[in-house]
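**Q** The structure file structure.cif (mmCIF, C-alpha atoms) is provided below.
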```cif
data_run
#
loop_
_atom_site.label_atom_id
_atom_site.label_comp_id
_atom_site.auth_asym_id
_atom_site.auth_seq_id
_atom_site.Cartn_x
_atom_site.Cartn_y
_atom_site.Cartn_z
CA MET F 551 0.00 0.00 0.00
CA LEU F 552 2.89 2.36 0.72
CA PHE F 553 4.20 1.94 -2.86
CA ASN F 554 0.77 2.79 -4.31
CA PHE F 555 0.46 5.78 -2.02
CA ARG F 556 3.74 7.18 -3.30
CA ILE F 557 2.62 6.68 -6.89
CA LEU F 558 -0.54 8.65 -6.15
CA LEU F 559 1.53 11.43 -4.63
CA ASN F 560 3.74 11.54 -7.72
CA ASN F 561 0.72 11.63 -10.05
CA ALA F 562 -0.74 14.48 -8.04
CA ALA F 563 2.56 16.32 -8.30
CA LEU F 564 2.54 15.86 -12.09
CA ARG F 565 -0.85 17.56 -12.24
CA ASN F 566 -0.07 20.39 -9.84
CA GLY F 567 3.25 21.66 -11.16
CA PRO F 568 7.02 21.26 -11.41
CA ARG F 569 8.07 21.79 -7.78
CA PHE F 570 8.11 18.26 -6.44
CA VAL F 571 10.45 15.48 -5.38
CA VAL F 572 10.23 12.11 -7.11
CA ARG F 573 11.16 9.08 -4.98
CA ASN F 574 13.51 6.57 -6.57
CA PHE F 575 12.10 3.25 -5.41
CA ARG F 576 15.23 1.24 -6.29
CA CYS F 577 17.58 3.27 -4.14
CA GLY F 578 15.16 5.02 -1.78
CA GLN F 579 16.79 8.37 -2.53
CA PRO F 580 14.81 11.48 -3.49
CA LEU F 581 15.68 12.93 -6.89
CA GLN F 582 15.28 16.71 -7.27
CA ASN F 583 15.17 17.99 -10.83
CA LYS F 584 16.88 21.36 -11.17
CA VAL F 585 16.80 21.49 -14.98
CA GLN F 586 13.72 23.06 -16.55
CA LEU F 587 13.42 22.91 -20.35
CA LYS F 588 9.67 23.38 -20.73
CA GLY F 589 8.74 25.81 -23.51
CA ARG F 590 12.20 25.95 -25.09
CA ASP F 591 13.18 25.32 -28.71
CA LEU F 592 15.68 22.65 -29.73
CA LEU F 593 17.42 24.09 -32.79
CA THR F 594 21.01 23.18 -31.96
CA LEU F 595 22.86 21.67 -29.01
CA LYS F 596 24.95 24.83 -29.02
CA ASN F 597 22.10 26.42 -27.06
CA PHE F 598 22.17 23.81 -24.29
CA THR F 599 24.54 23.30 -21.39
CA GLY F 600 26.09 19.96 -20.64
CA GLU F 601 23.72 19.49 -17.68
CA GLU F 602 20.69 20.20 -19.87
CA ILE F 603 21.78 17.66 -22.49
CA LYS F 604 22.51 15.12 -19.74
CA TYR F 605 19.02 15.71 -18.39
CA MET F 606 17.46 14.85 -21.76
CA LEU F 607 19.53 11.65 -21.85
CA TRP F 608 18.52 10.83 -18.28
CA LEU F 609 14.88 11.31 -19.23
CA SER F 610 15.41 9.09 -22.29
CA ALA F 611 16.80 6.30 -20.10
CA ASP F 612 13.92 6.78 -17.66
CA LEU F 613 11.21 6.48 -20.34
CA LYS F 614 12.95 3.49 -21.92
CA PHE F 615 13.13 1.71 -18.57
CA ARG F 616 9.58 2.47 -17.47
CA ILE F 617 7.88 1.79 -20.80
CA LYS F 618 10.04 -0.89 -22.44
CA GLN F 619 11.36 -2.76 -19.41
CA LYS F 620 8.53 -2.33 -16.88
CA GLY F 621 5.68 -2.15 -19.39
CA GLU F 622 4.17 0.99 -17.89
CA TYR F 623 1.73 3.22 -19.76
CA LEU F 624 2.71 6.88 -19.42
CA PRO F 625 0.24 9.20 -21.19
CA LEU F 626 2.41 12.24 -20.47
CA LEU F 627 1.41 13.94 -23.75
CA GLN F 628 -2.30 13.14 -23.64
CA GLY F 629 -4.32 15.92 -25.28
CA LYS F 630 -1.26 17.38 -27.01
CA SER F 631 -0.58 17.51 -30.76
CA LEU F 632 2.61 17.75 -32.79
CA GLY F 633 3.05 19.25 -36.24
CA MET F 634 5.69 17.37 -38.27
CA ILE F 635 7.05 19.26 -41.28
CA PHE F 636 9.18 17.10 -43.58
CA GLU F 637 10.86 18.75 -46.55
CA LYS F 638 13.22 15.76 -46.56
CA ARG F 639 12.04 12.17 -46.31
CA SER F 640 13.17 9.99 -43.44
CA THR F 641 12.56 6.53 -42.02
CA ARG F 642 13.92 6.91 -38.50
CA THR F 643 12.95 10.51 -37.79
CA ARG F 644 9.36 10.02 -38.92
CA LEU F 645 8.81 6.60 -37.35
CA SER F 646 10.48 7.42 -34.03
CA THR F 647 8.60 10.71 -33.68
CA GLU F 648 5.17 9.46 -34.74
CA THR F 649 5.24 6.25 -32.71
CA GLY F 650 6.93 7.89 -29.72
CA PHE F 651 4.52 10.83 -29.52
CA ALA F 652 1.51 8.51 -29.90
CA LEU F 653 2.89 6.08 -27.29
CA LEU F 654 2.86 8.96 -24.81
CA GLY F 655 -0.79 9.70 -25.60
CA GLY F 656 -0.31 12.57 -28.06
CA HIS F 657 -1.42 13.08 -31.66
CA PRO F 658 1.29 13.61 -34.34
CA CYS F 659 0.28 15.22 -37.64
CA PHE F 660 2.61 14.54 -40.59
CA LEU F 661 3.01 17.27 -43.23
CA THR F 662 4.99 16.77 -46.45
CA THR F 663 5.83 19.24 -49.21
CA GLN F 664 2.50 18.24 -50.75
CA ASP F 665 0.76 19.66 -47.67
CA ILE F 666 2.93 22.64 -46.76
CA HIS F 667 5.50 24.68 -48.69
CA LEU F 668 7.55 26.65 -46.21
CA GLY F 669 7.86 30.22 -47.39
CA VAL F 670 6.23 29.53 -50.79
CA ASN F 671 2.44 29.62 -50.62
CA GLU F 672 2.59 31.21 -47.19
CA SER F 673 5.28 33.14 -45.37
CA LEU F 674 7.24 31.42 -42.60
CA THR F 675 5.89 33.99 -40.17
CA ASP F 676 2.27 33.17 -41.02
CA THR F 677 2.94 29.42 -40.96
CA ALA F 678 4.53 29.70 -37.51
CA ARG F 679 1.56 31.60 -36.13
CA VAL F 680 -1.01 29.24 -37.62
CA LEU F 681 0.79 26.15 -36.32
CA SER F 682 1.10 27.79 -32.91
CA SER F 683 -2.68 28.10 -32.72
CA MET F 684 -3.33 24.45 -33.62
CA THR F 685 -0.46 22.37 -32.22
CA ASP F 686 1.63 22.23 -29.06
CA ALA F 687 4.99 21.84 -30.81
CA VAL F 688 6.52 21.51 -34.27
CA LEU F 689 9.28 19.19 -35.42
CA ALA F 690 10.66 20.38 -38.77
CA ARG F 691 13.04 18.50 -41.05
CA VAL F 692 14.18 21.15 -43.50
CA TYR F 693 16.86 22.14 -45.97
CA LYS F 694 17.81 25.45 -44.35
CA GLN F 695 18.66 26.15 -40.71
CA SER F 696 17.55 29.74 -41.32
CA ASP F 697 13.97 28.52 -41.85
CA LEU F 698 14.02 26.93 -38.40
CA ASP F 699 15.36 30.14 -36.90
CA ILE F 700 12.47 32.13 -38.37
CA LEU F 701 9.90 29.55 -37.26
CA ALA F 702 11.31 29.67 -33.73
CA LYS F 703 11.28 33.47 -33.69
CA GLU F 704 7.66 33.74 -34.84
CA ALA F 705 6.10 30.71 -33.10
CA SER F 706 4.77 30.69 -29.56
CA ILE F 707 5.35 26.92 -29.20
CA PRO F 708 8.56 24.86 -29.11
CA ILE F 709 10.26 24.27 -32.48
CA ILE F 710 12.43 21.14 -32.77
CA ASN F 711 15.11 20.64 -35.41
CA GLY F 712 14.46 17.27 -37.07
CA LEU F 713 17.43 17.96 -39.40
CA SER F 714 18.76 20.94 -41.30
CA ASP F 715 21.73 21.70 -43.51
CA LEU F 716 23.70 22.77 -40.43
CA TYR F 717 22.65 20.54 -37.52
CA HIS F 718 20.96 17.25 -36.57
CA PRO F 719 20.71 17.47 -32.76
CA ILE F 720 18.14 14.71 -32.18
CA GLN F 721 20.43 12.18 -33.88
CA ILE F 722 23.28 13.03 -31.54
CA LEU F 723 21.11 12.52 -28.47
CA ALA F 724 20.45 8.97 -29.68
CA ASP F 725 24.16 8.44 -30.30
CA TYR F 726 25.09 9.56 -26.80
CA LEU F 727 22.39 7.44 -25.14
CA THR F 728 23.70 4.43 -27.07
CA LEU F 729 27.28 5.09 -25.99
CA GLN F 730 26.27 5.67 -22.36
CA GLU F 731 24.42 2.34 -22.35
CA HIS F 732 27.43 0.54 -23.84
CA TYR F 733 30.34 2.14 -21.99
CA GLY F 734 28.57 3.13 -18.75
CA SER F 735 29.90 6.67 -19.02
CA LEU F 736 30.76 9.20 -21.74
CA LYS F 737 33.51 11.16 -20.01
CA GLY F 738 36.95 10.46 -21.41
CA LEU F 739 35.80 8.69 -24.56
CA THR F 740 37.50 9.58 -27.84
CA LEU F 741 35.17 9.95 -30.81
CA SER F 742 36.73 9.41 -34.24
CA TRP F 743 34.79 10.98 -37.09
CA ILE F 744 35.71 9.77 -40.58
CA GLY F 745 33.73 11.34 -43.39
CA ASP F 746 31.97 14.52 -44.45
CA GLY F 747 32.06 17.75 -42.43
CA ASN F 748 28.27 17.77 -42.27
CA ASN F 749 25.35 18.45 -39.93
CA ILE F 750 25.96 15.31 -37.85
CA LEU F 751 29.56 16.28 -37.22
CA HIS F 752 28.52 19.86 -36.44
CA SER F 753 26.15 18.62 -33.74
CA ILE F 754 28.86 16.43 -32.23
CA MET F 755 31.22 19.40 -32.23
CA MET F 756 28.64 21.48 -30.36
CA SER F 757 28.24 18.93 -27.58
CA ALA F 758 31.00 16.33 -27.16
CA ALA F 759 33.32 18.50 -25.06
CA LYS F 760 30.46 19.27 -22.66
CA PHE F 761 30.58 15.59 -21.66
CA GLY F 762 34.37 15.52 -21.45
CA MET F 763 34.72 13.60 -24.72
CA HIS F 764 37.61 14.09 -27.12
CA LEU F 765 37.00 14.43 -30.86
CA GLN F 766 39.29 13.45 -33.74
CA VAL F 767 37.99 14.45 -37.17
CA ALA F 768 39.11 13.34 -40.64
CA THR F 769 37.50 14.87 -43.73
CA PRO F 770 38.71 15.12 -47.35
CA LYS F 771 40.13 18.46 -48.39
CA GLY F 772 37.30 20.79 -49.28
CA TYR F 773 34.81 18.93 -47.07
CA GLU F 774 35.86 20.27 -43.68
CA PRO F 775 33.29 21.36 -41.07
CA ASP F 776 31.98 24.93 -41.05
CA PRO F 777 34.79 27.31 -39.89
CA ASN F 778 32.53 29.16 -37.44
CA ILE F 779 31.44 25.90 -35.85
CA THR F 780 35.05 24.73 -35.68
CA LYS F 781 36.04 27.93 -33.90
CA LEU F 782 33.31 27.47 -31.30
CA ALA F 783 34.18 23.78 -30.88
CA GLU F 784 37.78 24.76 -30.17
CA GLN F 785 36.49 27.09 -27.47
CA TYR F 786 34.39 24.30 -25.93
CA ALA F 787 37.39 21.97 -25.95
CA LYS F 788 39.51 24.56 -24.17
CA GLU F 789 36.80 25.27 -21.57
CA ASN F 790 36.29 21.56 -20.84
CA ASP F 791 39.93 20.47 -21.10
CA THR F 792 39.28 18.08 -23.98
CA LYS F 793 41.11 17.48 -27.25
CA LEU F 794 39.87 18.44 -30.72
CA SER F 795 41.89 17.59 -33.82
CA LEU F 796 41.15 17.95 -37.52
CA THR F 797 43.01 16.10 -40.27
CA ASN F 798 42.66 14.76 -43.80
CA ASP F 799 44.04 11.34 -42.78
CA PRO F 800 41.36 8.78 -41.75
CA LEU F 801 43.83 6.52 -39.93
CA GLU F 802 45.16 9.45 -37.93
CA ALA F 803 41.63 10.32 -36.77
CA ALA F 804 40.89 6.66 -35.94
CA ARG F 805 44.07 6.12 -33.93
CA GLY F 806 43.17 5.40 -30.30
CA GLY F 807 39.50 6.18 -30.87
CA ASN F 808 36.85 4.43 -28.78
CA VAL F 809 34.05 5.19 -31.22
CA LEU F 810 34.42 5.13 -35.00
CA ILE F 811 31.70 7.24 -36.62
CA THR F 812 30.78 7.93 -40.21
CA ASP F 813 27.74 9.04 -42.16
CA THR F 814 26.47 9.24 -45.71
CA TRP F 815 28.83 10.89 -48.15
CA ILE F 816 25.97 12.16 -50.29
CA SER F 817 23.08 13.79 -48.46
CA MET F 818 19.69 14.60 -49.92
CA GLY F 819 20.08 17.62 -52.18
CA GLN F 820 23.66 16.66 -53.12
CA GLU F 821 22.83 14.04 -55.75
CA GLU F 822 24.39 16.12 -58.54
CA GLU F 823 27.69 16.02 -56.64
CA LYS F 824 27.72 12.21 -56.39
CA LYS F 825 30.53 11.47 -58.85
CA ARG F 826 32.77 14.20 -57.47
CA ARG F 827 32.08 13.20 -53.86
CA LEU F 828 32.74 9.49 -54.42
CA GLN F 829 36.10 10.40 -55.89
CA ALA F 830 36.95 12.81 -53.06
CA PHE F 831 36.08 10.27 -50.36
CA GLN F 832 38.26 7.45 -51.72
CA GLY F 833 40.14 5.94 -48.76
CA TYR F 834 37.50 7.00 -46.23
CA GLN F 835 35.65 3.69 -46.01
CA VAL F 836 35.66 2.37 -42.43
CA THR F 837 37.08 -1.17 -42.43
CA MET F 838 38.84 -3.53 -40.05
CA LYS F 839 42.06 -1.86 -41.18
CA THR F 840 40.68 1.35 -39.71
CA ALA F 841 39.66 -0.47 -36.54
CA LYS F 842 43.14 -1.93 -36.05
CA VAL F 843 44.50 1.48 -35.04
CA ALA F 844 41.51 2.29 -32.80
CA ALA F 845 41.25 1.53 -29.08
CA SER F 846 40.83 -2.10 -28.06
CA ASP F 847 37.23 -1.44 -26.97
CA TRP F 848 36.24 0.31 -30.21
CA THR F 849 32.64 0.47 -31.38
CA PHE F 850 31.01 1.78 -34.55
CA LEU F 851 28.15 4.24 -35.16
CA HIS F 852 26.30 5.27 -38.32
CA CYS F 853 23.02 7.21 -38.30
CA LEU F 854 21.70 5.32 -41.38
CA PRO F 855 20.86 4.80 -44.18
CA ARG F 856 24.25 3.30 -44.94
CA LYS F 857 26.02 2.68 -48.24
CA PRO F 858 28.74 -0.02 -48.52
CA GLU F 859 31.33 2.50 -49.74
CA GLU F 860 31.07 4.29 -46.35
CA VAL F 861 31.66 1.19 -44.18
CA ASP F 862 32.17 -2.42 -45.22
CA ASP F 863 29.96 -5.30 -44.09
CA GLU F 864 32.61 -6.74 -41.79
CA VAL F 865 32.50 -3.65 -39.56
CA PHE F 866 28.85 -2.73 -40.08
CA TYR F 867 27.49 -6.14 -39.07
CA SER F 868 30.15 -6.94 -36.49
CA PRO F 869 29.42 -7.28 -32.74
CA ARG F 870 31.23 -3.94 -32.33
CA SER F 871 28.59 -2.16 -34.42
CA LEU F 872 25.96 -0.31 -32.38
CA VAL F 873 23.98 0.99 -35.35
CA PHE F 874 20.72 -0.81 -34.60
CA PRO F 875 20.54 0.07 -30.88
CA GLU F 876 21.47 3.58 -32.06
CA ALA F 877 18.49 3.57 -34.43
CA GLU F 878 16.11 2.35 -31.72
CA ASN F 879 17.32 5.05 -29.35
CA ARG F 880 16.09 7.67 -31.80
CA LYS F 881 12.64 6.83 -30.42
CA TRP F 882 13.45 7.11 -26.73
CA THR F 883 15.45 10.32 -27.13
CA ILE F 884 12.83 12.14 -29.23
CA MET F 885 10.21 11.09 -26.68
CA ALA F 886 12.38 12.63 -23.96
CA VAL F 887 12.77 15.82 -25.97
CA MET F 888 8.99 16.14 -26.32
CA VAL F 889 8.34 15.41 -22.66
CA SER F 890 11.01 17.84 -21.47
CA LEU F 891 9.79 20.69 -23.70
CA LEU F 892 6.06 20.15 -23.13
CA THR F 893 5.62 18.89 -19.55
CA ASP F 894 6.88 19.21 -16.00
CA TYR F 895 7.64 15.48 -15.70
CA SER F 896 10.81 14.55 -13.83
CA PRO F 897 12.64 11.19 -14.17
CA GLN F 898 12.12 8.52 -11.54
CA LEU F 899 15.07 6.38 -12.59
CA GLN F 900 18.37 7.02 -10.83
CA LYS F 901 20.47 9.42 -12.88
CA PRO F 902 22.97 7.52 -15.06
CA LYS F 903 26.67 8.25 -14.89
CA PHE F 904 27.83 10.52 -17.70
#
```
What's the structure tokens form of this structure?

**A**
Amino acid sequence: MLFNFRILLNNAALRNGPRFVVRNFRCGQPLQNKVQLKGRDLLTLKNFTGEEIKYMLWLSADLKFRIKQKGEYLPLLQGKSLGMIFEKRSTRTRLSTETGFALLGGHPCFLTTQDIHLGVNESLTDTARVLSSMTDAVLARVYKQSDLDILAKEASIPIINGLSDLYHPIQILADYLTLQEHYGSLKGLTLSWIGDGNNILHSIMMSAAKFGMHLQVATPKGYEPDPNITKLAEQYAKENDTKLSLTNDPLEAARGGNVLITDTWISMGQEEEKKRRLQAFQGYQVTMKTAKVAASDWTFLHCLPRKPEEVDDEVFYSPRSLVFPEAENRKWTIMAVMVSLLTDYSPQLQKPKF
């Protein structure tokens, strides 16, 4: 009866506001949440502190444990709706967001370019205001980061970056949750990026140092990360006493790395560059030769979809590959993002070590 009484107290606290203590039943220790993200936008991890990103990962682990492991039903988003704007198609972003939002009791509404043309038939300002009157949040997967910035400026509801030309923050949350589950902690890990200086890399650069992770980057000449983002990443590395290195040698970036990471060489919208890009990225395929210079506990990440020229089958399907847990964690992390931006819920699971 005591357990049920505590649950009732927690449910009452959820209804009455954010100032409450949640009891961790495993350890018997009260957990006080000091991070409040409700009402904020998620456009880039640059705008979030290390503690705020850790909180989203903690909440991800909490939802995964309570829903997947314990089989609980948590209608935390009941009565809420989500507008999903997709200028670019996606398997994982769409499926994780739609199923995750619905699993929490909410209603996702999917909008393609056949339904909405950002800034074409209607200005971004007008679209933001209309969506604000009909939904509780918007996840937008767009070509231009500047469109997200305008939506966020004009909307009165949270705007979430589902991918842009510059950043892909929700992918990186899934990556970090996957690594935390595998290694038990993120601090001190060395991430080895081998590939294009793209939006995935940019999001890693805006966050890795905040966890105490080192980053070694290899890109072909002419495909380096954005100079402004590199400058800020160097500042983060200095502030957090971590290492950041950039090279054009894949083996140099892989040397001593705990996590080998790559991504597509040809993103949507770059199809005309395919021949030139395939030539430029010769020698950048991740193979067991690459892994031989990595740390003994190396693992592999790829956000998918994957092409064989980016990573061979031996690495991709090896026991060291975490790509499928990484894909699943897209669901739990986007659920945590929605819950943190739209509710006052606080995790009940003991905070993981980061």

**Q** Since I can't run it myself right now, could you work out what the PyMOL selection byres ((chain F and resi 663-674) around 12) selects here and report it as a ChimeraX atom specification?

**A** /F:633-639,659-662,675-681,690-694,696-705

**Q** Go ahead and dump the residues you just picked, C-alpha atoms, as a PDB file, keeping the file's coordinate frame.

**A**
```
ATOM      1  CA  GLY F 633       3.050  19.250 -36.240  1.00  0.00           C
ATOM      2  CA  MET F 634       5.690  17.370 -38.270  1.00  0.00           C
ATOM      3  CA  ILE F 635       7.050  19.260 -41.280  1.00  0.00           C
ATOM      4  CA  PHE F 636       9.180  17.100 -43.580  1.00  0.00           C
ATOM      5  CA  GLU F 637      10.860  18.750 -46.550  1.00  0.00           C
ATOM      6  CA  LYS F 638      13.220  15.760 -46.560  1.00  0.00           C
ATOM      7  CA  ARG F 639      12.040  12.170 -46.310  1.00  0.00           C
ATOM      8  CA  CYS F 659       0.280  15.220 -37.640  1.00  0.00           C
ATOM      9  CA  PHE F 660       2.610  14.540 -40.590  1.00  0.00           C
ATOM     10  CA  LEU F 661       3.010  17.270 -43.230  1.00  0.00           C
ATOM     11  CA  THR F 662       4.990  16.770 -46.450  1.00  0.00           C
ATOM     12  CA  THR F 675       5.890  33.990 -40.170  1.00  0.00           C
ATOM     13  CA  ASP F 676       2.270  33.170 -41.020  1.00  0.00           C
ATOM     14  CA  THR F 677       2.940  29.420 -40.960  1.00  0.00           C
ATOM     15  CA  ALA F 678       4.530  29.700 -37.510  1.00  0.00           C
ATOM     16  CA  ARG F 679       1.560  31.600 -36.130  1.00  0.00           C
ATOM     17  CA  VAL F 680      -1.010  29.240 -37.620  1.00  0.00           C
ATOM     18  CA  LEU F 681       0.790  26.150 -36.320  1.00  0.00           C
ATOM     19  CA  ALA F 690      10.660  20.380 -38.770  1.00  0.00           C
ATOM     20  CA  ARG F 691      13.040  18.500 -41.050  1.00  0.00           C
ATOM     21  CA  VAL F 692      14.180  21.150 -43.500  1.00  0.00           C
ATOM     22  CA  TYR F 693      16.860  22.140 -45.970  1.00  0.00           C
ATOM     23  CA  LYS F 694      17.810  25.450 -44.350  1.00  0.00           C
ATOM     24  CA  SER F 696      17.550  29.740 -41.320  1.00  0.00           C
ATOM     25  CA  ASP F 697      13.970  28.520 -41.850  1.00  0.00           C
ATOM     26  CA  LEU F 698      14.020  26.930 -38.400  1.00  0.00           C
ATOM     27  CA  ASP F 699      15.360  30.140 -36.900  1.00  0.00           C
ATOM     28  CA  ILE F 700      12.470  32.130 -38.370  1.00  0.00           C
ATOM     29  CA  LEU F 701       9.900  29.550 -37.260  1.00  0.00           C
ATOM     30  CA  ALA F 702      11.310  29.670 -33.730  1.00  0.00           C
ATOM     31  CA  LYS F 703      11.280  33.470 -33.690  1.00  0.00           C
ATOM     32  CA  GLU F 704       7.660  33.740 -34.840  1.00  0.00           C
ATOM     33  CA  ALA F 705       6.100  30.710 -33.100  1.00  0.00           C
TER      34      ALA F 705
END
```

**Q** Would you tabulate, counting only C-alpha atoms, all residues of stretch 815-902 of chain F that have an atom at most 6 Å from an atom of stretch 724-737 of chain F, showing the closest pair of atoms and their distance in Å to one decimal, sorted by chain then ascending number, as a tab-separated table?

**A**
```
residue	atom	partner	partner_atom	distance
F:Glu876	CA	F:Thr728	CA	5.5
F:Asn879	CA	F:Ala724	CA	5.0
F:Arg880	CA	F:Ala724	CA	5.0
F:Thr883	CA	F:Ala724	CA	5.8
```

**Q** Nearest to F:Thr837: which of F:Arg644, F:Arg590, F:Arg870, F:Lys771 is it, counting only C-alpha atoms?

**A**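 Comparing F:Arg644, F:Arg590, F:Arg870, F:Lys771 against F:Thr837, the winner is F:Arg870.
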
**Q** Set the distance at 8 Å and use all atoms listed in the file: which residues neighbour F:Leu626 once local chain neighbours fewer than 5 positions away are removed? I'd like the list as a PDB file with C-alpha atoms, keeping the file's coordinate frame.

**A**
```pdb
ATOM      1  CA  LEU F 654       2.860   8.960 -24.810  1.00  0.00           C
ATOM      2  CA  GLY F 655      -0.790   9.700 -25.600  1.00  0.00           C
ATOM      3  CA  VAL F 889       8.340  15.410 -22.660  1.00  0.00           C
ATOM      4  CA  THR F 893       5.620  18.890 -19.550  1.00  0.00           C
ATOM      5  CA  TYR F 895       7.640  15.480 -15.700  1.00  0.00           C
TER       6      TYR F 895
END
```

**Q** By how many Å are atom CA of F:Trp882 and atom CA of F:Leu653 apart?

**A**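 Distance reported for this atom pair: 10.6 Å.
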
**Q** Check which residues satisfy the PyMOL selection byres ((chain F and resi 848-864) around 6) in the file shown, then give them as number ranges by chain.

**A** F: 808-813, 835-837, 845-847, 865-868, 870-873

**Q** With C-alpha atoms kept, could you save the residues just selected as a PDB file, keeping the file's coordinate frame?

**A**
```pdb
ATOM      1  CA  ASN F 808      36.850   4.430 -28.780  1.00  0.00           C
ATOM      2  CA  VAL F 809      34.050   5.190 -31.220  1.00  0.00           C
ATOM      3  CA  LEU F 810      34.420   5.130 -35.000  1.00  0.00           C
ATOM      4  CA  ILE F 811      31.700   7.240 -36.620  1.00  0.00           C
ATOM      5  CA  THR F 812      30.780   7.930 -40.210  1.00  0.00           C
ATOM      6  CA  ASP F 813      27.740   9.040 -42.160  1.00  0.00           C
ATOM      7  CA  GLN F 835      35.650   3.690 -46.010  1.00  0.00           C
ATOM      8  CA  VAL F 836      35.660   2.370 -42.430  1.00  0.00           C
ATOM      9  CA  THR F 837      37.080  -1.170 -42.430  1.00  0.00           C
ATOM     10  CA  ALA F 845      41.250   1.530 -29.080  1.00  0.00           C
ATOM     11  CA  SER F 846      40.830  -2.100 -28.060  1.00  0.00           C
ATOM     12  CA  ASP F 847      37.230  -1.440 -26.970  1.00  0.00           C
ATOM     13  CA  VAL F 865      32.500  -3.650 -39.560  1.00  0.00           C
ATOM     14  CA  PHE F 866      28.850  -2.730 -40.080  1.00  0.00           C
ATOM     15  CA  TYR F 867      27.490  -6.140 -39.070  1.00  0.00           C
ATOM     16  CA  SER F 868      30.150  -6.940 -36.490  1.00  0.00           C
ATOM     17  CA  ARG F 870      31.230  -3.940 -32.330  1.00  0.00           C
ATOM     18  CA  SER F 871      28.590  -2.160 -34.420  1.00  0.00           C
ATOM     19  CA  LEU F 872      25.960  -0.310 -32.380  1.00  0.00           C
ATOM     20  CA  VAL F 873      23.980   0.990 -35.350  1.00  0.00           C
TER      21      VAL F 873
END
```

**Q** Here is a test: counting only C-alpha atoms, which residue of F:Leu587, F:Leu595, F:Met763, F:Ile754 is nearest to F:Leu609?

**A**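 Using only C-alpha atoms, F:Leu609 sits closest to F:Leu587.
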
**Q** Could you tell me how far atom CA of F:Leu801 lies from atom CA of F:Thr740, in Å and to one decimal?

**A**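 Spanning atom CA of F:Leu801 to atom CA of F:Thr740 is a straight-line distance of 14.0 Å.
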
**Q** For each of F:Leu899, F:Met888, F:Leu613, F:Leu739, take the minimum atom-to-atom distance to F:Leu627, counting all atoms listed in the file, then give the residue where this is smallest.

**A**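 Nearest candidate to F:Leu627 out of F:Leu899, F:Met888, F:Leu613, F:Leu739: F:Met888.
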
**Q** Given the file shown, enumerate the residues that the PyMOL selection byres ((chain F and resi 831) around 12) captures and present them as number ranges by chain.

**A** F: 744-747, 768-773, 798-800, 812-816, 823-830, 832-836, 859-861

**Q** Find the spatial neighbours of F:Trp608, counting all atoms listed in the file, within a cut-off of 7 Å - ignore same-chain residues fewer than 4 positions away - and output them as an MDAnalysis selection string.

**A** chainID F and resid 604 612 901:902

**Q** Write out as a short mmCIF file (atom, residue, chain, number, x, y, z; two decimals) with C-alpha atoms, in the coordinates of the input each polymer residue whose atoms come within 9 Å of F:Gln695, counting all atoms listed in the file; drop sequence neighbours fewer than 6 positions from it.

**A**
```cif
data_model
loop_
_atom_site.label_atom_id
_atom_site.label_comp_id
_atom_site.auth_asym_id
_atom_site.auth_seq_id
_atom_site.Cartn_x
_atom_site.Cartn_y
_atom_site.Cartn_z
CA LEU F 593 17.42 24.09 -32.79
CA ASN F 711 15.11 20.64 -35.41
CA LEU F 713 17.43 17.96 -39.40
CA SER F 714 18.76 20.94 -41.30
CA ASP F 715 21.73 21.70 -43.51
CA LEU F 716 23.70 22.77 -40.43
CA TYR F 717 22.65 20.54 -37.52
#
```

**Q** What would stretch 849-855 of chain F look like with N, CA, C and O atoms in place, written as a CSV table (one decimal), in the coordinates of the input?

**A**
```
chain,number,residue,atom,x,y,z
F,849,THR,N,34.0,0.8,-30.9
F,849,THR,CA,32.6,0.5,-31.4
F,849,THR,C,32.4,1.3,-32.6
F,849,THR,O,33.2,2.2,-33.0
F,850,PHE,N,31.3,1.1,-33.3
F,850,PHE,CA,31.0,1.8,-34.6
F,850,PHE,C,29.6,2.3,-34.5
F,850,PHE,O,28.6,1.7,-34.1
F,851,LEU,N,29.4,3.6,-35.0
F,851,LEU,CA,28.2,4.2,-35.2
F,851,LEU,C,27.9,4.7,-36.6
F,851,LEU,O,28.9,5.2,-37.2
F,852,HIS,N,26.7,4.7,-37.0
F,852,HIS,CA,26.3,5.3,-38.3
F,852,HIS,C,24.8,5.6,-38.2
F,852,HIS,O,24.0,4.7,-37.8
F,853,CYS,N,24.4,6.8,-38.5
F,853,CYS,CA,23.0,7.2,-38.3
F,853,CYS,C,22.0,6.6,-39.3
F,853,CYS,O,20.8,6.7,-39.1
F,854,LEU,N,22.5,6.0,-40.4
F,854,LEU,CA,21.7,5.3,-41.4
F,854,LEU,C,20.9,6.3,-42.2
F,854,LEU,O,20.6,7.4,-41.7
F,855,PRO,N,20.6,6.0,-43.4
F,855,PRO,CA,20.9,4.8,-44.2
F,855,PRO,C,22.3,4.7,-44.6
F,855,PRO,O,23.0,5.8,-44.8
```
